[in-house]
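S.K.: Provided herewith is a single structure, encoded as structure tokens, for subsequent inquiry.
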Amino acid sequence: MLSDFKSGERSAVESCTNCEGRRIYVGYFAVRDRAGRYLSTLEAAQDITEIMKRIEGGKRLLEY
């Protein structure tokens, strides 16, 4: 993944996993400078269990 980020082949890798009965979204994102040069990787994780329950229950607009 890091070699793909460094080469510019990819800018993001995302996945979803189960952890102790919870659905967890994990994303890795290449951080680049204004010239497009790779600087680092940002990892983001979010518990999306409740969001998935609403979607699976047929509720498409999460605010309503």
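Naming scheme: A, B, ... for chains in displayed order of the structure tokens; residues 1 onward per chain; ligands 1 onward as shown.
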Could you make a table, as CSV, of the residues of stretch 35-62 of chain A that have an atom within 9 Å of an atom of stretch 1-6 of chain A, each with its nearest atom pair and distance in Å to one decimal, counting only C-alpha atoms, in chain and number order?
M.R.:
residue,atom,partner,partner_atom,distance
A:Arg37,CA,A:Lys6,CA,7.9
A:Tyr38,CA,A:Lys6,CA,5.5
A:Leu39,CA,A:Lys6,CA,8.3
A:Ser40,CA,A:Lys6,CA,8.7
A:Thr41,CA,A:Leu2,CA,7.9
S.K.: Using only C-alpha atoms, determine which residues lie at most 7 Å from A:Ala12, disregarding the query and same-chain residues fewer than 3 positions distant; provide the list as a list in words.
M.R.: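 Surrounding residues, per the criterion: Tyr28, Phe29 and Ala30 of chain A.
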S.K.: With DSSP run on the backbone, what are the helix (DSSP H, G or I) residues within chain A? I'd like them as a PyMOL selection string.
M.R.: chain A and resi 2-7+49-56
S.K.: Print the selection's residues with N, CA and C atoms to a file, as a tab-separated table (two decimals), in the first residue's frame.
M.R.:
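New file part.tsv:
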chain	number	residue	atom	x	y	z
A	2	LEU	N	1.86	1.31	0.87
A	2	LEU	CA	2.70	2.50	0.93
A	2	LEU	C	3.47	2.72	-0.36
A	3	SER	N	3.94	1.65	-0.97
A	3	SER	CA	4.66	1.81	-2.24
A	3	SER	C	3.73	2.35	-3.32
A	4	ASP	N	2.46	1.93	-3.31
A	4	ASP	CA	1.48	2.48	-4.26
A	4	ASP	C	1.21	3.95	-3.98
A	5	PHE	N	1.14	4.33	-2.72
A	5	PHE	CA	0.96	5.74	-2.38
A	5	PHE	C	2.16	6.56	-2.83
A	6	LYS	N	3.35	6.05	-2.55
A	6	LYS	CA	4.57	6.78	-2.90
A	6	LYS	C	4.74	6.92	-4.41
A	7	SER	N	4.35	5.90	-5.16
A	7	SER	CA	4.50	5.95	-6.62
A	7	SER	C	3.39	6.77	-7.28
A	49	THR	N	-21.46	1.15	12.92
A	49	THR	CA	-22.49	0.17	13.25
A	49	THR	C	-23.89	0.77	13.14
A	50	GLU	N	-24.12	1.92	13.76
A	50	GLU	CA	-25.45	2.52	13.76
A	50	GLU	C	-25.84	2.99	12.36
A	51	ILE	N	-24.91	3.51	11.60
A	51	ILE	CA	-25.18	3.94	10.22
A	51	ILE	C	-25.63	2.73	9.39
A	52	MET	N	-24.92	1.62	9.52
A	52	MET	CA	-25.27	0.41	8.76
A	52	MET	C	-26.65	-0.12	9.15
A	53	LYS	N	-26.99	-0.04	10.43
A	53	LYS	CA	-28.31	-0.49	10.87
A	53	LYS	C	-29.41	0.34	10.21
A	54	ARG	N	-29.22	1.66	10.13
A	54	ARG	CA	-30.23	2.52	9.51
A	54	ARG	C	-30.34	2.23	8.02
A	55	ILE	N	-29.20	2.02	7.35
A	55	ILE	CA	-29.22	1.73	5.91
A	55	ILE	C	-29.90	0.39	5.67
A	56	GLU	N	-29.54	-0.63	6.43
A	56	GLU	CA	-30.13	-1.96	6.26
A	56	GLU	C	-31.61	-1.96	6.60
S.K.: Atom CA of A:Ile48 and atom CA of A:Cys19, how far apart in Å?
M.R.: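 Between atom CA of A:Cys19 and atom CA of A:Ile48 the gap works out to 11.2 Å.
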S.K.: Would you mind reading off the distance between atom CA of A:Tyr25 and atom CA of A:Ala44, one decimal, in Å?
M.R.: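 Taking atom CA of A:Tyr25 as the start and atom CA of A:Ala44 as the end point, the length is 8.0 Å.
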S.K.: Just give me the gap between atom CA of A:Ala35 and atom CA of A:Glu14 in Å, one decimal is fine.
M.R.: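 These atoms are spaced 24.1 Å apart.
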S.K.: Using DSSP on the backbone coordinates, identify all residues within chain A classified as strand (DSSP E); present the result as a PDB file with C-alpha atoms, in the first residue's frame.
M.R.:
ATOM      1  CA  ALA A  12      -6.639   5.782  -0.850  1.00  0.00           C
ATOM      2  CA  VAL A  13      -7.331   2.299   0.465  1.00  0.00           C
ATOM      3  CA  GLU A  14     -10.580   1.682   2.332  1.00  0.00           C
ATOM      4  CA  SER A  15     -12.041  -1.337   4.088  1.00  0.00           C
ATOM      5  CA  CYS A  16     -14.652  -2.377   6.603  1.00  0.00           C
ATOM      6  CA  THR A  17     -14.146  -4.902   9.365  1.00  0.00           C
ATOM      7  CA  ASN A  18     -15.971  -6.397  12.343  1.00  0.00           C
ATOM      8  CA  CYS A  19     -14.560  -5.881  15.820  1.00  0.00           C
ATOM      9  CA  ARG A  22     -19.207  -3.525  15.762  1.00  0.00           C
ATOM     10  CA  ARG A  23     -18.730  -2.500  12.091  1.00  0.00           C
ATOM     11  CA  ILE A  24     -15.572  -0.435  11.717  1.00  0.00           C
ATOM     12  CA  TYR A  25     -14.627   1.570   8.611  1.00  0.00           C
ATOM     13  CA  VAL A  26     -10.872   2.016   8.146  1.00  0.00           C
ATOM     14  CA  GLY A  27      -9.387   4.256   5.488  1.00  0.00           C
ATOM     15  CA  TYR A  28      -5.790   5.014   4.594  1.00  0.00           C
ATOM     16  CA  PHE A  29      -5.128   8.179   2.589  1.00  0.00           C
ATOM     17  CA  ALA A  30      -1.958   9.473   0.968  1.00  0.00           C
ATOM     18  CA  VAL A  31      -1.003  12.959   2.135  1.00  0.00           C
ATOM     19  CA  ARG A  32       0.700  14.945  -0.612  1.00  0.00           C
ATOM     20  CA  TYR A  38       3.993  11.940  -1.129  1.00  0.00           C
ATOM     21  CA  LEU A  39       4.512  13.143   2.439  1.00  0.00           C
ATOM     22  CA  SER A  40       2.789  10.638   4.705  1.00  0.00           C
ATOM     23  CA  THR A  41      -0.258   8.434   5.239  1.00  0.00           C
ATOM     24  CA  LEU A  42      -3.345   9.318   7.232  1.00  0.00           C
ATOM     25  CA  GLU A  43      -5.300   6.504   8.871  1.00  0.00           C
ATOM     26  CA  ALA A  44      -8.947   7.131   9.776  1.00  0.00           C
ATOM     27  CA  ALA A  45     -11.263   4.763  11.613  1.00  0.00           C
ATOM     28  CA  GLN A  46     -14.959   5.140  12.395  1.00  0.00           C
ATOM     29  CA  ASP A  47     -17.515   2.942  14.106  1.00  0.00           C
TER      30      ASP A  47
END
